Amino acid sequence: MLALVADDGDRRGDGAPVLVAHSTAAFAAPRLDDRAAAVGPLLAALQEVLGPLGEPEFTHVHRWSFARPGSERAEPFHLDADGIGFAGDGWGSPRVETAWGSGTLLGQALLERMTP
């Protein structure tokens, strides 16, 4: 049911005790009309992984329908015959590294087209 857990206080640099938990699509799908119903099971799953956390001061459930591509792509970027390209984490896993790699590979492909 958990797909990703991040220490958001660490990411933001303020050290705040903030956890961000992403669920799997399969877990989220039956709860789209009642997002609050996801809180209890997700908290239980977090405590199973991290140990006792206590009661959170605040929870917020956000529907992020486009967090992951709906299907896999054969290439790590898009580049059409007119030289229009798209890159990002939509061409792989939803990670910064994927977006960076996708952009780098797109840039290389554009350079190859420009080089005689």
# chains A, B, ... in the order shown; residues from 1 in each chain; ligands from 1
$ residues_around --residues "A:Gln47" --least-positions-apart "5" --cutoff "12 Å" --atoms "only C-alpha atoms" --output "list of chain:residue names"
A:Leu2, A:Val5, A:Leu19, A:Ala21, A:Gly40, A:Pro41, A:Leu42, A:Pro52, A:Leu53, A:Gly54, A:Glu55, A:Pro56
$ write_last_selection --atoms "N, CA and C atoms" --output "compact mmCIF listing (two decimals), in the first residue's frame"
# COMPACT_ATOMS: atom_id res chain seq x y z
N LEU A 2 2.05 1.22 0.63
CA LEU A 2 2.97 2.36 0.58
C LEU A 2 3.89 2.23 -0.63
N VAL A 5 7.94 6.88 1.00
CA VAL A 5 7.89 7.66 2.24
C VAL A 5 9.07 8.61 2.20
N LEU A 19 6.36 13.89 7.49
CA LEU A 19 6.50 12.73 6.61
C LEU A 19 5.49 12.85 5.47
N ALA A 21 3.79 10.43 2.62
CA ALA A 21 3.62 9.03 2.23
C ALA A 21 2.79 8.97 0.96
N GLY A 40 -6.08 6.35 8.12
CA GLY A 40 -5.85 5.30 9.12
C GLY A 40 -4.97 4.18 8.61
N PRO A 41 -5.33 3.57 7.47
CA PRO A 41 -4.49 2.49 6.95
C PRO A 41 -3.07 2.94 6.59
N LEU A 42 -2.92 4.15 6.06
CA LEU A 42 -1.57 4.63 5.73
C LEU A 42 -0.74 4.88 6.99
N PRO A 52 6.56 3.03 16.24
CA PRO A 52 5.57 3.95 16.79
C PRO A 52 5.88 5.41 16.45
N LEU A 53 4.88 6.11 15.94
CA LEU A 53 5.05 7.51 15.55
C LEU A 53 4.23 8.46 16.40
N GLY A 54 3.28 7.94 17.13
CA GLY A 54 2.36 8.81 17.86
C GLY A 54 1.31 9.36 16.91
N GLU A 55 0.42 10.15 17.45
CA GLU A 55 -0.64 10.73 16.63
C GLU A 55 -0.12 11.96 15.89
N PRO A 56 -0.39 12.06 14.61
CA PRO A 56 0.06 13.24 13.87
C PRO A 56 -0.72 14.48 14.29
$ residues_around --residues "A:Ser71" --least-positions-apart "6" --cutoff "10 Å" --atoms "only C-alpha atoms" --output "list in words"
Gly90, Trp91 and Gly92 of chain A
$ residues_around --residues "stretch 22-25 of chain A" --least-positions-apart "3" --cutoff "9 Å" --atoms "only C-alpha atoms" --output "PDB file with C-alpha atoms, in the first residue's frame"
ATOM      1  CA  MET A   1       0.000   0.000   0.000  1.00  0.00           C
ATOM      2  CA  LEU A   2       2.970   2.356   0.585  1.00  0.00           C
ATOM      3  CA  ALA A   3       4.887   3.326  -2.534  1.00  0.00           C
ATOM      4  CA  LEU A   4       7.133   6.072  -1.130  1.00  0.00           C
ATOM      5  CA  VAL A   5       7.886   7.655   2.236  1.00  0.00           C
ATOM      6  CA  ALA A   6       9.868  10.896   2.389  1.00  0.00           C
ATOM      7  CA  ALA A  28      -5.888   4.794  -3.683  1.00  0.00           C
ATOM      8  CA  ALA A  29      -8.387   3.798  -6.384  1.00  0.00           C
ATOM      9  CA  ALA A  38      -6.901   6.441   3.506  1.00  0.00           C
ATOM     10  CA  LEU A  42      -1.573   4.629   5.728  1.00  0.00           C
ATOM     11  CA  SER A  65      -3.564  11.334 -10.312  1.00  0.00           C
TER      12      SER A  65
END
$ select_by_dssp --residues "chain A" --states "helix (DSSP H, G or I)" --output "MDAnalysis selection string"
chainID A and resid 8:12 25:31 35:50 89:91 96:114
$ write_last_selection --atoms "N, CA and C atoms" --output "tab-separated table (two decimals), in the first residue's frame"
chain	number	residue	atom	x	y	z
A	8	ASP	N	10.02	15.04	4.68
A	8	ASP	CA	9.89	16.34	4.01
A	8	ASP	C	10.61	17.44	4.77
A	9	GLY	N	10.74	17.31	6.07
A	9	GLY	CA	11.51	18.29	6.83
A	9	GLY	C	12.97	18.29	6.42
A	10	ASP	N	13.47	17.11	6.08
A	10	ASP	CA	14.85	17.00	5.60
A	10	ASP	C	14.96	17.63	4.21
A	11	ARG	N	14.01	17.33	3.34
A	11	ARG	CA	14.03	17.88	1.99
A	11	ARG	C	13.96	19.40	2.01
A	12	ARG	N	13.09	19.94	2.86
A	12	ARG	CA	12.92	21.40	2.94
A	12	ARG	C	14.08	22.07	3.65
A	25	ALA	N	-1.34	3.03	-6.45
A	25	ALA	CA	-2.58	3.34	-7.18
A	25	ALA	C	-3.69	2.37	-6.78
A	26	ALA	N	-3.33	1.10	-6.58
A	26	ALA	CA	-4.33	0.09	-6.22
A	26	ALA	C	-4.97	0.41	-4.87
A	27	PHE	N	-4.18	0.94	-3.94
A	27	PHE	CA	-4.73	1.32	-2.63
A	27	PHE	C	-5.61	2.56	-2.77
A	28	ALA	N	-5.18	3.52	-3.56
A	28	ALA	CA	-5.89	4.79	-3.68
A	28	ALA	C	-7.20	4.68	-4.45
A	29	ALA	N	-7.24	3.85	-5.48
A	29	ALA	CA	-8.39	3.80	-6.38
A	29	ALA	C	-9.74	3.67	-5.68
A	30	PRO	N	-9.93	2.76	-4.74
A	30	PRO	CA	-11.25	2.65	-4.12
A	30	PRO	C	-11.56	3.76	-3.10
A	31	ARG	N	-10.59	4.66	-2.86
A	31	ARG	CA	-10.77	5.71	-1.86
A	31	ARG	C	-10.82	7.11	-2.48
A	35	ARG	N	-11.19	10.38	0.42
A	35	ARG	CA	-9.74	10.37	0.64
A	35	ARG	C	-9.38	10.23	2.12
A	36	ALA	N	-10.20	10.75	3.00
A	36	ALA	CA	-9.92	10.67	4.44
A	36	ALA	C	-9.87	9.22	4.91
A	37	ALA	N	-10.54	8.33	4.20
A	37	ALA	CA	-10.54	6.91	4.57
A	37	ALA	C	-9.16	6.30	4.40
A	38	ALA	N	-8.26	6.96	3.71
A	38	ALA	CA	-6.90	6.44	3.51
A	38	ALA	C	-5.99	6.72	4.69
A	39	VAL	N	-6.32	7.69	5.52
A	39	VAL	CA	-5.42	8.13	6.59
A	39	VAL	C	-5.09	7.00	7.56
A	40	GLY	N	-6.08	6.35	8.12
A	40	GLY	CA	-5.85	5.30	9.12
A	40	GLY	C	-4.97	4.18	8.61
A	41	PRO	N	-5.33	3.57	7.47
A	41	PRO	CA	-4.49	2.49	6.95
A	41	PRO	C	-3.07	2.94	6.59
A	42	LEU	N	-2.92	4.15	6.06
A	42	LEU	CA	-1.57	4.63	5.73
A	42	LEU	C	-0.74	4.88	6.99
A	43	LEU	N	-1.36	5.44	8.02
A	43	LEU	CA	-0.64	5.63	9.28
A	43	LEU	C	-0.21	4.29	9.87
A	44	ALA	N	-1.09	3.31	9.81
A	44	ALA	CA	-0.75	1.98	10.32
A	44	ALA	C	0.42	1.39	9.52
A	45	ALA	N	0.39	1.56	8.21
A	45	ALA	CA	1.49	1.04	7.38
A	45	ALA	C	2.79	1.77	7.69
A	46	LEU	N	2.73	3.08	7.91
A	46	LEU	CA	3.93	3.84	8.28
A	46	LEU	C	4.51	3.33	9.59
A	47	GLN	N	3.65	3.09	10.57
A	47	GLN	CA	4.12	2.62	11.87
A	47	GLN	C	4.67	1.20	11.78
A	48	GLU	N	4.15	0.43	10.85
A	48	GLU	CA	4.68	-0.92	10.66
A	48	GLU	C	6.11	-0.85	10.13
A	49	VAL	N	6.38	0.13	9.29
A	49	VAL	CA	7.71	0.29	8.70
A	49	VAL	C	8.66	1.04	9.63
A	50	LEU	N	8.17	2.13	10.25
A	50	LEU	CA	9.04	3.03	11.02
A	50	LEU	C	8.97	2.86	12.53
A	89	ASP	N	10.41	13.02	-15.83
A	89	ASP	CA	10.19	11.77	-15.12
A	89	ASP	C	8.97	11.02	-15.63
A	90	GLY	N	8.23	11.61	-16.56
A	90	GLY	CA	7.13	10.90	-17.22
A	90	GLY	C	7.63	9.83	-18.17
A	91	TRP	N	8.93	9.80	-18.40
A	91	TRP	CA	9.55	8.81	-19.27
A	91	TRP	C	10.34	7.81	-18.44
A	96	VAL	N	13.78	12.54	-9.54
A	96	VAL	CA	14.60	13.63	-10.08
A	96	VAL	C	15.67	13.07	-11.01
A	97	GLU	N	16.26	11.96	-10.61
A	97	GLU	CA	17.32	11.35	-11.41
A	97	GLU	C	16.81	10.95	-12.79
A	98	THR	N	15.57	10.45	-12.84
A	98	THR	CA	14.98	10.06	-14.11
A	98	THR	C	14.77	11.28	-14.99
A	99	ALA	N	14.25	12.36	-14.41
A	99	ALA	CA	14.04	13.58	-15.17
A	99	ALA	C	15.35	14.13	-15.71
A	100	TRP	N	16.38	14.14	-14.87
A	100	TRP	CA	17.69	14.63	-15.28
A	100	TRP	C	18.24	13.77	-16.41
A	101	GLY	N	18.20	12.47	-16.25
A	101	GLY	CA	18.70	11.57	-17.28
A	101	GLY	C	17.94	11.71	-18.59
A	102	SER	N	16.62	11.85	-18.50
A	102	SER	CA	15.79	12.02	-19.68
A	102	SER	C	16.18	13.29	-20.43
A	103	GLY	N	16.35	14.38	-19.69
A	103	GLY	CA	16.74	15.64	-20.31
A	103	GLY	C	18.13	15.58	-20.93
A	104	THR	N	19.04	14.91	-20.24
A	104	THR	CA	20.40	14.76	-20.76
A	104	THR	C	20.40	13.97	-22.06
A	105	LEU	N	19.66	12.88	-22.08
A	105	LEU	CA	19.59	12.05	-23.29
A	105	LEU	C	18.90	12.80	-24.43
A	106	LEU	N	17.88	13.58	-24.12
A	106	LEU	CA	17.23	14.39	-25.15
A	106	LEU	C	18.21	15.42	-25.71
A	107	GLY	N	18.97	16.06	-24.84
A	107	GLY	CA	19.97	17.03	-25.29
A	107	GLY	C	21.00	16.38	-26.20
A	108	GLN	N	21.44	15.19	-25.85
A	108	GLN	CA	22.40	14.48	-26.69
A	108	GLN	C	21.80	14.14	-28.05
A	109	ALA	N	20.54	13.72	-28.06
A	109	ALA	CA	19.87	13.40	-29.33
A	109	ALA	C	19.73	14.65	-30.20
A	110	LEU	N	19.43	15.78	-29.59
A	110	LEU	CA	19.34	17.03	-30.35
A	110	LEU	C	20.70	17.42	-30.93
A	111	LEU	N	21.75	17.27	-30.14
A	111	LEU	CA	23.10	17.56	-30.63
A	111	LEU	C	23.48	16.66	-31.80
A	112	GLU	N	23.13	15.39	-31.69
A	112	GLU	CA	23.42	14.44	-32.79
A	112	GLU	C	22.71	14.86	-34.07
A	113	ARG	N	21.50	15.38	-33.96
A	113	ARG	CA	20.79	15.84	-35.14
A	113	ARG	C	21.44	17.07	-35.77
A	114	MET	N	22.04	17.89	-34.94
A	114	MET	CA	22.64	19.14	-35.42
A	114	MET	C	24.05	18.92	-35.97
$ closest_residue --among "A:Gly51, A:Pro94, A:Leu32, A:Thr59" --to "A:Val18" --atoms "only C-alpha atoms"
A:Thr59
$ select_by_dssp --residues "stretch 37-107 of chain A" --states "strand (DSSP E)" --output "VMD selection string"
chain A and resid 78 to 79 85 to 86
$ closest_residue --among "A:His62, A:Ala74, A:Pro69, A:Ala16" --to "A:Gly88" --atoms "only C-alpha atoms"
A:Pro69
